[in-house]
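Source file: upload-v4.txt; contents: compact mmCIF, N, CA, C and O atoms.
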# COMPACT_ATOMS: atom_id res chain seq x y z
N MET B 23 119.64 160.70 114.05
CA MET B 23 120.99 160.82 114.56
C MET B 23 121.03 160.25 115.98
O MET B 23 120.26 160.65 116.84
N SER B 24 121.92 159.30 116.21
CA SER B 24 121.99 158.70 117.53
C SER B 24 123.14 159.31 118.32
O SER B 24 124.12 159.80 117.76
N LEU B 25 123.00 159.27 119.62
CA LEU B 25 124.02 159.81 120.52
C LEU B 25 125.15 158.82 120.70
O LEU B 25 124.95 157.61 120.66
N SER B 26 126.35 159.35 120.94
CA SER B 26 127.49 158.47 121.24
C SER B 26 127.28 157.82 122.60
O SER B 26 126.42 158.25 123.39
N ALA B 27 128.06 156.80 122.89
CA ALA B 27 127.93 156.09 124.17
C ALA B 27 128.19 157.03 125.34
O ALA B 27 127.50 156.99 126.36
N GLU B 28 129.21 157.92 125.20
CA GLU B 28 129.51 158.86 126.29
C GLU B 28 128.37 159.83 126.51
O GLU B 28 128.02 160.15 127.64
N ALA B 29 127.78 160.31 125.41
CA ALA B 29 126.67 161.26 125.54
C ALA B 29 125.46 160.59 126.19
O ALA B 29 124.76 161.19 127.00
N GLN B 30 125.22 159.33 125.84
CA GLN B 30 124.10 158.60 126.45
C GLN B 30 124.35 158.40 127.93
O GLN B 30 123.44 158.54 128.75
N ASP B 31 125.60 158.06 128.31
CA ASP B 31 125.92 157.89 129.72
C ASP B 31 125.74 159.19 130.48
O ASP B 31 125.18 159.21 131.58
N ALA B 32 126.22 160.30 129.93
CA ALA B 32 126.10 161.60 130.58
C ALA B 32 124.63 162.00 130.72
O ALA B 32 124.22 162.53 131.75
N ARG B 33 123.86 161.71 129.70
CA ARG B 33 122.43 162.04 129.75
C ARG B 33 121.73 161.22 130.81
O ARG B 33 120.89 161.73 131.56
N MET B 34 122.06 159.94 130.93
CA MET B 34 121.44 159.09 131.93
C MET B 34 121.86 159.53 133.33
O MET B 34 121.04 159.57 134.24
N LEU B 35 123.13 159.87 133.50
CA LEU B 35 123.62 160.31 134.81
C LEU B 35 122.91 161.58 135.24
O LEU B 35 122.58 161.74 136.40
N SER B 36 122.66 162.47 134.30
CA SER B 36 122.01 163.73 134.66
C SER B 36 120.55 163.53 135.05
O SER B 36 119.96 164.39 135.66
N THR B 37 119.94 162.41 134.67
CA THR B 37 118.55 162.17 135.04
C THR B 37 118.42 161.49 136.40
O THR B 37 117.32 161.43 136.94
N LEU B 38 119.53 160.99 136.92
CA LEU B 38 119.48 160.37 138.25
C LEU B 38 119.40 161.45 139.32
O LEU B 38 120.06 162.49 139.22
N PRO B 39 118.63 161.23 140.36
CA PRO B 39 118.60 162.20 141.47
C PRO B 39 119.99 162.32 142.11
O PRO B 39 120.74 161.34 142.19
N THR B 40 120.30 163.51 142.54
CA THR B 40 121.60 163.80 143.14
C THR B 40 121.90 162.87 144.32
O THR B 40 123.03 162.44 144.50
N GLU B 41 120.89 162.57 145.11
CA GLU B 41 121.08 161.72 146.29
C GLU B 41 121.57 160.33 145.89
O GLU B 41 122.40 159.74 146.57
N ILE B 42 121.04 159.81 144.78
CA ILE B 42 121.44 158.47 144.34
C ILE B 42 122.89 158.50 143.84
O ILE B 42 123.68 157.61 144.15
N VAL B 43 123.24 159.54 143.08
CA VAL B 43 124.62 159.66 142.60
C VAL B 43 125.57 159.77 143.79
O VAL B 43 126.62 159.12 143.82
N ASP B 44 125.20 160.57 144.79
CA ASP B 44 126.03 160.71 146.00
C ASP B 44 126.21 159.37 146.70
O ASP B 44 127.31 159.03 147.13
N ASP B 45 125.12 158.61 146.84
CA ASP B 45 125.19 157.30 147.49
C ASP B 45 126.10 156.35 146.72
O ASP B 45 126.87 155.59 147.31
N ILE B 46 126.01 156.39 145.40
CA ILE B 46 126.86 155.52 144.57
C ILE B 46 128.33 155.86 144.77
O ILE B 46 129.17 154.98 144.97
N ILE B 47 128.66 157.14 144.75
CA ILE B 47 130.05 157.57 144.91
C ILE B 47 130.55 157.24 146.32
O ILE B 47 131.67 156.77 146.51
N GLU B 48 129.74 157.47 147.34
CA GLU B 48 130.14 157.15 148.71
C GLU B 48 130.40 155.65 148.87
O GLU B 48 131.36 155.24 149.52
N GLU B 49 129.55 154.82 148.29
CA GLU B 49 129.74 153.37 148.37
C GLU B 49 131.00 152.97 147.62
O GLU B 49 131.78 152.13 148.09
N ALA B 50 131.22 153.57 146.47
CA ALA B 50 132.44 153.26 145.70
C ALA B 50 133.68 153.63 146.52
O ALA B 50 134.66 152.86 146.53
N CYS B 51 133.64 154.73 147.21
CA CYS B 51 134.79 155.15 148.03
C CYS B 51 135.04 154.18 149.18
O CYS B 51 136.17 154.00 149.62
N ARG B 52 133.98 153.55 149.68
CA ARG B 52 134.13 152.59 150.77
C ARG B 52 134.74 151.26 150.31
O ARG B 52 135.49 150.63 151.05
N VAL B 53 134.41 150.83 149.10
CA VAL B 53 134.81 149.49 148.68
C VAL B 53 136.01 149.45 147.74
O VAL B 53 136.64 148.40 147.59
N LEU B 54 136.36 150.56 147.12
CA LEU B 54 137.48 150.56 146.18
C LEU B 54 138.82 150.73 146.88
O LEU B 54 138.89 151.21 148.01
N ASP B 55 139.89 150.35 146.18
CA ASP B 55 141.23 150.53 146.72
C ASP B 55 141.62 152.01 146.66
O ASP B 55 140.96 152.83 146.02
N VAL B 56 142.71 152.35 147.33
CA VAL B 56 143.15 153.74 147.46
C VAL B 56 143.39 154.39 146.10
O VAL B 56 143.03 155.55 145.87
N SER B 57 144.00 153.67 145.19
CA SER B 57 144.29 154.20 143.87
C SER B 57 143.00 154.56 143.12
O SER B 57 142.92 155.61 142.46
N SER B 58 142.01 153.71 143.21
CA SER B 58 140.73 153.98 142.54
C SER B 58 140.01 155.17 143.16
O SER B 58 139.41 155.98 142.45
N VAL B 59 140.08 155.28 144.47
CA VAL B 59 139.47 156.43 145.15
C VAL B 59 140.17 157.72 144.72
O VAL B 59 139.52 158.74 144.48
N ALA B 60 141.49 157.67 144.57
CA ALA B 60 142.22 158.83 144.09
C ALA B 60 141.78 159.21 142.67
O ALA B 60 141.68 160.39 142.34
N SER B 61 141.47 158.23 141.86
CA SER B 61 141.00 158.50 140.50
C SER B 61 139.63 159.17 140.51
O SER B 61 139.33 159.99 139.64
N ILE B 62 138.81 158.84 141.48
CA ILE B 62 137.49 159.46 141.59
C ILE B 62 137.63 160.97 141.79
O ILE B 62 136.86 161.75 141.25
N THR B 63 138.65 161.39 142.55
CA THR B 63 138.83 162.82 142.80
C THR B 63 139.12 163.59 141.52
O THR B 63 138.87 164.78 141.44
N LEU B 64 139.63 162.91 140.50
CA LEU B 64 139.96 163.58 139.24
C LEU B 64 138.76 163.73 138.31
O LEU B 64 138.85 164.46 137.32
N THR B 65 137.66 163.08 138.60
CA THR B 65 136.52 163.11 137.69
C THR B 65 135.70 164.38 137.80
O THR B 65 135.26 164.92 136.79
N SER B 66 135.47 164.86 139.02
CA SER B 66 134.74 166.11 139.20
C SER B 66 134.96 166.61 140.63
O SER B 66 135.34 165.85 141.52
N CYS B 67 134.68 167.89 140.82
CA CYS B 67 134.85 168.48 142.16
C CYS B 67 133.91 167.84 143.17
O CYS B 67 134.29 167.57 144.30
N VAL B 68 132.67 167.58 142.76
CA VAL B 68 131.69 167.00 143.68
C VAL B 68 132.11 165.59 144.08
O VAL B 68 132.07 165.23 145.25
N PHE B 69 132.55 164.78 143.11
CA PHE B 69 133.00 163.43 143.43
C PHE B 69 134.26 163.50 144.28
O PHE B 69 134.48 162.65 145.15
N GLY B 70 135.10 164.49 144.03
CA GLY B 70 136.32 164.66 144.81
C GLY B 70 136.05 164.92 146.28
O GLY B 70 136.79 164.46 147.15
N ILE B 71 134.97 165.62 146.58
CA ILE B 71 134.61 165.89 147.97
C ILE B 71 134.34 164.57 148.70
O ILE B 71 134.84 164.33 149.79
N HIS B 72 133.56 163.70 148.07
CA HIS B 72 133.25 162.40 148.68
C HIS B 72 134.52 161.55 148.81
O HIS B 72 134.73 160.90 149.83
N ALA B 73 135.34 161.55 147.78
CA ALA B 73 136.56 160.74 147.80
C ALA B 73 137.53 161.24 148.86
O ALA B 73 138.13 160.44 149.59
N ASN B 74 137.67 162.55 148.99
CA ASN B 74 138.58 163.09 150.01
C ASN B 74 138.07 162.82 151.42
O ASN B 74 138.86 162.57 152.33
N LYS B 75 136.76 162.84 151.61
CA LYS B 75 136.21 162.47 152.92
C LYS B 75 136.60 161.04 153.27
O LYS B 75 137.01 160.75 154.40
N ALA B 76 136.49 160.16 152.29
CA ALA B 76 136.84 158.75 152.52
C ALA B 76 138.34 158.61 152.79
O ALA B 76 138.75 157.86 153.67
N ARG B 77 139.16 159.34 152.03
CA ARG B 77 140.62 159.22 152.21
C ARG B 77 141.05 159.77 153.57
O ARG B 77 141.85 159.17 154.26
N PHE B 78 140.51 160.92 153.97
CA PHE B 78 140.90 161.50 155.25
C PHE B 78 140.35 160.71 156.43
O PHE B 78 140.90 160.76 157.53
N ALA B 79 139.27 159.99 156.23
CA ALA B 79 138.70 159.17 157.30
C ALA B 79 139.65 158.04 157.69
O ALA B 79 139.58 157.51 158.79
N LEU B 80 140.55 157.66 156.77
CA LEU B 80 141.48 156.58 157.04
C LEU B 80 142.72 157.02 157.81
O LEU B 80 143.50 156.18 158.25
N LEU B 81 142.91 158.33 157.96
CA LEU B 81 144.09 158.82 158.67
C LEU B 81 143.99 158.53 160.15
O LEU B 81 142.94 158.73 160.77
N ILE B 82 145.07 158.06 160.71
CA ILE B 82 145.14 157.82 162.15
C ILE B 82 146.30 158.65 162.69
O ILE B 82 147.47 158.34 162.42
N PRO B 83 145.99 159.73 163.39
CA PRO B 83 147.06 160.58 163.91
C PRO B 83 147.92 159.81 164.91
O PRO B 83 147.39 159.11 165.77
N HIS B 84 149.23 159.92 164.76
CA HIS B 84 150.16 159.27 165.69
C HIS B 84 150.60 160.31 166.71
O HIS B 84 150.85 161.45 166.38
N TYR B 85 150.69 159.89 167.94
CA TYR B 85 151.15 160.82 168.95
C TYR B 85 152.07 160.09 169.92
O TYR B 85 152.01 158.88 170.10
N ASN B 86 152.95 160.86 170.54
CA ASN B 86 153.86 160.32 171.54
C ASN B 86 153.16 160.30 172.89
O ASN B 86 152.17 161.00 173.11
N GLU B 87 153.68 159.51 173.79
CA GLU B 87 153.09 159.46 175.13
C GLU B 87 153.07 160.85 175.74
O GLU B 87 154.03 161.60 175.64
N GLY B 88 151.98 161.19 176.35
CA GLY B 88 151.86 162.49 176.98
C GLY B 88 151.20 163.53 176.08
O GLY B 88 150.69 164.53 176.56
N ASP B 89 151.25 163.34 174.77
CA ASP B 89 150.60 164.28 173.86
C ASP B 89 149.11 163.98 173.79
O ASP B 89 148.68 162.85 173.95
N SER B 90 148.36 165.00 173.50
CA SER B 90 146.92 164.84 173.40
C SER B 90 146.51 164.61 171.94
O SER B 90 146.95 165.32 171.05
N ILE B 91 145.69 163.62 171.69
CA ILE B 91 145.24 163.30 170.33
C ILE B 91 144.16 164.25 169.82
O ILE B 91 144.08 164.47 168.61
N PRO B 92 143.30 164.86 170.64
CA PRO B 92 142.23 165.70 170.08
C PRO B 92 142.73 166.86 169.22
O PRO B 92 142.11 167.21 168.23
N HIS B 93 143.86 167.46 169.58
CA HIS B 93 144.34 168.62 168.82
C HIS B 93 144.67 168.25 167.37
O HIS B 93 144.16 168.90 166.45
N PRO B 94 145.50 167.23 167.09
CA PRO B 94 145.76 166.88 165.69
C PRO B 94 144.50 166.39 164.96
O PRO B 94 144.30 166.70 163.79
N ALA B 95 143.64 165.66 165.67
CA ALA B 95 142.42 165.17 165.04
C ALA B 95 141.53 166.32 164.62
O ALA B 95 140.91 166.30 163.56
N LYS B 96 141.45 167.36 165.44
CA LYS B 96 140.64 168.53 165.11
C LYS B 96 141.18 169.22 163.86
O LYS B 96 140.43 169.63 162.99
N GLY B 97 142.50 169.31 163.77
CA GLY B 97 143.12 169.92 162.60
C GLY B 97 142.85 169.15 161.33
O GLY B 97 142.59 169.70 160.26
N ILE B 98 142.91 167.81 161.43
CA ILE B 98 142.67 166.96 160.27
C ILE B 98 141.21 167.07 159.84
O ILE B 98 140.91 167.15 158.65
N ARG B 99 140.29 167.11 160.78
CA ARG B 99 138.87 167.28 160.44
C ARG B 99 138.63 168.62 159.76
O ARG B 99 137.89 168.72 158.79
N GLY B 100 139.30 169.65 160.27
CA GLY B 100 139.17 170.98 159.65
C GLY B 100 139.68 170.98 158.22
O GLY B 100 139.05 171.54 157.32
N LEU B 101 140.81 170.32 157.99
CA LEU B 101 141.37 170.21 156.65
C LEU B 101 140.43 169.44 155.73
O LEU B 101 140.20 169.84 154.59
N ALA B 102 139.89 168.34 156.22
CA ALA B 102 138.96 167.54 155.42
C ALA B 102 137.72 168.35 155.05
O ALA B 102 137.21 168.24 153.94
N ASN B 103 137.24 169.18 155.97
CA ASN B 103 136.06 170.01 155.68
C ASN B 103 136.36 171.07 154.62
O ASN B 103 135.50 171.41 153.82
N ILE B 104 137.58 171.59 154.64
CA ILE B 104 137.97 172.59 153.65
C ILE B 104 138.02 171.97 152.27
O ILE B 104 137.55 172.55 151.30
N ILE B 105 138.60 170.78 152.20
CA ILE B 105 138.76 170.13 150.91
C ILE B 105 137.42 169.61 150.47
O ILE B 105 136.99 169.69 149.39
What does this structure look like when you write it as structure tokens?
Amino acid sequence: MSLSAEAQDARMLSTLPTEIVDDIIEEACRVLDVSSVASITLTSCVFGIHANKARFALLIPHYNEGDSIPHPAKGIRGLANII
């Protein structure tokens, strides 16, 4: 009895070291477009963590003259860490 293609892929993925899988997902988040990165978040919670880090890294807080940028940036970093 042979395994289906999906089962073979899942079996191969589970034999890869976690560090390699993490590196692959992080690289994918760096090179893919925004829509593709959003799709990565739907695949698993672990992949979603990497994808959300990449998405939040692209945020640039806007501030008016006289306002301090560290406060909003700190809030965004805190939100990214929660997600």
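Of note, atom C of Arg52 (chain B) and atom N of Ile71 (chain B) are spaced 14.8 Å apart.
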(message) Using only C-alpha atoms and a cutoff of 12 Å, can you tell me which residues are near (137.5, 158.2, 156.1) in the file's coordinates, and write them out as a VMD selection string?
(response) chain B and resid 48 to 49 51 to 53 56 59 71 to 82 98 to 99 102 to 103
(request) Could you please determine the separation between CA of Thr63 (chain B) and CA of Asp45 (chain B) in Å, to one decimal place? (result)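 That distance, rounded to one decimal, is 15.4 Å.
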